[in-house]
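Beneath this line is the structure, given in structure tokens, with notes to follow.
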Amino acid sequence: SLKFPGVVPQEESTLDDYNDVPITDFGEASMRGMGWEKGKGVGRNRKIVEPIDFDKQKRTLGVTIYEEETAEAEKLFHEFKLGEYIEIIAGQDKSKHAKILSLSLETSRCIVRLPSEEIIDLAIINIKKEKSTDRDSALIPLL
């Protein structure tokens, strides 16, 4: 063990020491371990600042999917199956056909492969079942 002049050695913490700290006090205990004292600020100037309140907002998925769209996506989710062919009905790939590679109810999204072999991620609300079942059509080469 290393010895430093003027430093009083402390007993090493054990796993039981950590387990004895209630989860609600864990953050405070961690801060105390780094030298913080109750009633004093942290940082170079030890300034005390007001905490930022957490404001729970509407549940969002990604950038634009909100609760109403999520409910619609959940209804649609059960209509699709892996390996099924779909038509893209919105976005830059609108009117293209693709094969479903994966579906996620949690994110309301799907991964599809276009005939060009490009793989893209789409919101489930931006696809619909393909009308044609003819796999030999010029529109849909085998994927």
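Each chain in the structure tokens gets a letter, A, B and so on, in the order shown; residues start at 1 in every chain, and ligands are counted from 1 in the order they appear.
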Close residues, stretch 117-127 of chain A itself excluded, 8 Å, only C-alpha atoms, min 4 positions apart in chain, as number ranges by chain
A: 69, 72-73, 76-77, 86-91, 108-113, 143
Residue subset to file, keeping N, CA and C atoms, as a PDB file, in the first residue's frame:
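Written file, result32.pdb:
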```
ATOM      1  N   GLU A  69     -50.543   8.842 -32.830  1.00  0.00           N
ATOM      2  CA  GLU A  69     -49.970   8.063 -33.922  1.00  0.00           C
ATOM      3  C   GLU A  69     -49.518   6.694 -33.423  1.00  0.00           C
ATOM      4  N   GLU A  72     -52.436   4.370 -33.394  1.00  0.00           N
ATOM      5  CA  GLU A  72     -52.721   3.932 -34.766  1.00  0.00           C
ATOM      6  C   GLU A  72     -51.697   2.888 -35.205  1.00  0.00           C
ATOM      7  N   ALA A  73     -50.429   3.121 -34.883  1.00  0.00           N
ATOM      8  CA  ALA A  73     -49.369   2.184 -35.250  1.00  0.00           C
ATOM      9  C   ALA A  73     -49.571   0.834 -34.566  1.00  0.00           C
ATOM     10  N   LEU A  76     -52.075  -1.089 -36.520  1.00  0.00           N
ATOM     11  CA  LEU A  76     -51.501  -1.544 -37.780  1.00  0.00           C
ATOM     12  C   LEU A  76     -50.473  -2.654 -37.583  1.00  0.00           C
ATOM     13  N   PHE A  77     -49.744  -2.599 -36.490  1.00  0.00           N
ATOM     14  CA  PHE A  77     -48.637  -3.526 -36.236  1.00  0.00           C
ATOM     15  C   PHE A  77     -49.048  -4.979 -36.447  1.00  0.00           C
ATOM     16  N   ILE A  86     -44.790  -4.935 -48.776  1.00  0.00           N
ATOM     17  CA  ILE A  86     -45.620  -3.773 -48.465  1.00  0.00           C
ATOM     18  C   ILE A  86     -45.367  -2.672 -49.490  1.00  0.00           C
ATOM     19  N   GLU A  87     -46.238  -1.665 -49.444  1.00  0.00           N
ATOM     20  CA  GLU A  87     -46.040  -0.453 -50.238  1.00  0.00           C
ATOM     21  C   GLU A  87     -45.813   0.692 -49.263  1.00  0.00           C
ATOM     22  N   ILE A  88     -44.847   1.531 -49.575  1.00  0.00           N
ATOM     23  CA  ILE A  88     -44.562   2.702 -48.736  1.00  0.00           C
ATOM     24  C   ILE A  88     -45.510   3.815 -49.167  1.00  0.00           C
ATOM     25  N   ILE A  89     -46.250   4.394 -48.211  1.00  0.00           N
ATOM     26  CA  ILE A  89     -47.292   5.369 -48.562  1.00  0.00           C
ATOM     27  C   ILE A  89     -46.958   6.806 -48.160  1.00  0.00           C
ATOM     28  N   ALA A  90     -45.783   7.026 -47.583  1.00  0.00           N
ATOM     29  CA  ALA A  90     -45.391   8.389 -47.212  1.00  0.00           C
ATOM     30  C   ALA A  90     -43.871   8.478 -47.143  1.00  0.00           C
ATOM     31  N   GLY A  91     -43.361   9.699 -47.259  1.00  0.00           N
ATOM     32  CA  GLY A  91     -41.922   9.917 -47.150  1.00  0.00           C
ATOM     33  C   GLY A  91     -41.235   9.895 -48.504  1.00  0.00           C
ATOM     34  N   SER A 108     -42.771   1.483 -32.842  1.00  0.00           N
ATOM     35  CA  SER A 108     -43.736   1.680 -33.940  1.00  0.00           C
ATOM     36  C   SER A 108     -43.029   1.856 -35.277  1.00  0.00           C
ATOM     37  N   ARG A 109     -41.964   1.072 -35.474  1.00  0.00           N
ATOM     38  CA  ARG A 109     -41.170   1.199 -36.695  1.00  0.00           C
ATOM     39  C   ARG A 109     -40.925  -0.176 -37.299  1.00  0.00           C
ATOM     40  N   CYS A 110     -40.514  -0.162 -38.569  1.00  0.00           N
ATOM     41  CA  CYS A 110     -40.155  -1.398 -39.243  1.00  0.00           C
ATOM     42  C   CYS A 110     -38.921  -1.173 -40.102  1.00  0.00           C
ATOM     43  N   ILE A 111     -38.189  -2.241 -40.349  1.00  0.00           N
ATOM     44  CA  ILE A 111     -37.033  -2.214 -41.240  1.00  0.00           C
ATOM     45  C   ILE A 111     -37.456  -2.980 -42.482  1.00  0.00           C
ATOM     46  N   VAL A 112     -37.242  -2.375 -43.651  1.00  0.00           N
ATOM     47  CA  VAL A 112     -37.630  -3.016 -44.912  1.00  0.00           C
ATOM     48  C   VAL A 112     -36.474  -2.992 -45.897  1.00  0.00           C
ATOM     49  N   ARG A 113     -36.537  -3.923 -46.871  1.00  0.00           N
ATOM     50  CA  ARG A 113     -35.544  -3.955 -47.951  1.00  0.00           C
ATOM     51  C   ARG A 113     -36.238  -3.599 -49.255  1.00  0.00           C
ATOM     52  N   LEU A 143     -36.877 -10.360 -53.643  1.00  0.00           N
ATOM     53  CA  LEU A 143     -35.929  -9.768 -52.692  1.00  0.00           C
ATOM     54  C   LEU A 143     -35.244 -10.855 -51.907  1.00  0.00           C
TER      55      LEU A 143
END
```
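Nearest-residue note for A:Lys75: choosing from A:Glu11, A:Leu105, A:Gly39, A:Asp53, the minimum distance belongs to A:Leu105, counting only C-alpha atoms.
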For atom CA of A:Lys131 and atom CA of A:Glu106, determine how far apart the two atoms are, in Å to one decimal place.
26.8 Å
Running DSSP on the backbone, which parts of stretch 18-134 of chain A land in strand (DSSP E), as a list in words?
Tyr85, Ile86, Glu87, Ile88, His97, Ala98, Lys99, Ile100, Leu101, Ser102, Leu103, Ser104, Arg109, Cys110, Ile111, Val112, Arg113, Ile119, Ile120, Asp121, Leu122, Ala123, Ile127, Lys128 and Lys129 of chain A
I'd like the contact shell of A:Met31 - 12 Å cut-off, only C-alpha atoms, skipping same-chain residues fewer than 6 positions apart - returned as a list in words.
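Returned residues: Asp25, Glu37, Lys38, Lys40, Gly41, Val42 and Gly43 of chain A.
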Convert the current residue selection to file output with all heavy atoms, as a tab-separated table (two decimals), in the first residue's frame.
```tsv
chain	number	residue	atom	x	y	z
A	25	ASP	N	-30.52	7.37	-1.11
A	25	ASP	CA	-29.40	8.19	-0.63
A	25	ASP	C	-28.12	7.94	-1.41
A	25	ASP	O	-27.08	8.50	-1.08
A	25	ASP	CB	-29.13	7.88	0.85
A	25	ASP	CG	-30.31	8.24	1.74
A	25	ASP	OD1	-31.09	9.13	1.34
A	25	ASP	OD2	-30.44	7.64	2.81
A	37	GLU	N	-20.28	18.68	0.73
A	37	GLU	CA	-20.88	18.76	2.06
A	37	GLU	C	-22.26	19.38	1.92
A	37	GLU	O	-22.47	20.30	1.13
A	37	GLU	CB	-20.02	19.65	2.97
A	37	GLU	CG	-18.65	19.06	3.24
A	37	GLU	CD	-17.77	20.00	4.03
A	37	GLU	OE1	-18.32	20.84	4.79
A	37	GLU	OE2	-16.55	19.92	3.88
A	38	LYS	N	-23.21	18.87	2.71
A	38	LYS	CA	-24.59	19.35	2.66
A	38	LYS	C	-24.62	20.85	2.94
A	38	LYS	O	-23.96	21.34	3.85
A	38	LYS	CB	-25.44	18.60	3.69
A	38	LYS	CG	-26.91	18.72	3.43
A	38	LYS	CD	-27.69	17.73	4.27
A	38	LYS	CE	-29.06	17.61	3.65
A	38	LYS	NZ	-29.61	16.30	3.71
A	40	LYS	N	-23.54	23.17	0.93
A	40	LYS	CA	-22.50	23.85	0.15
A	40	LYS	C	-22.66	23.49	-1.32
A	40	LYS	O	-23.16	22.42	-1.65
A	40	LYS	CB	-21.11	23.46	0.65
A	40	LYS	CG	-20.84	23.91	2.07
A	40	LYS	CD	-19.41	23.65	2.44
A	40	LYS	CE	-19.15	24.16	3.85
A	40	LYS	NZ	-17.80	23.85	4.27
A	41	GLY	N	-22.20	24.36	-2.16
A	41	GLY	CA	-22.28	24.12	-3.60
A	41	GLY	C	-21.17	23.20	-4.07
A	41	GLY	O	-20.33	22.74	-3.29
A	42	VAL	N	-21.16	22.94	-5.35
A	42	VAL	CA	-20.11	22.11	-5.95
A	42	VAL	C	-19.39	22.93	-7.00
A	42	VAL	O	-19.86	23.97	-7.45
A	42	VAL	CB	-20.70	20.83	-6.59
A	42	VAL	CG1	-21.29	19.93	-5.56
A	42	VAL	CG2	-21.71	21.16	-7.66
A	43	GLY	N	-18.24	22.46	-7.39
A	43	GLY	CA	-17.49	23.14	-8.43
A	43	GLY	C	-16.48	24.11	-7.85
A	43	GLY	O	-16.26	24.19	-6.64
```
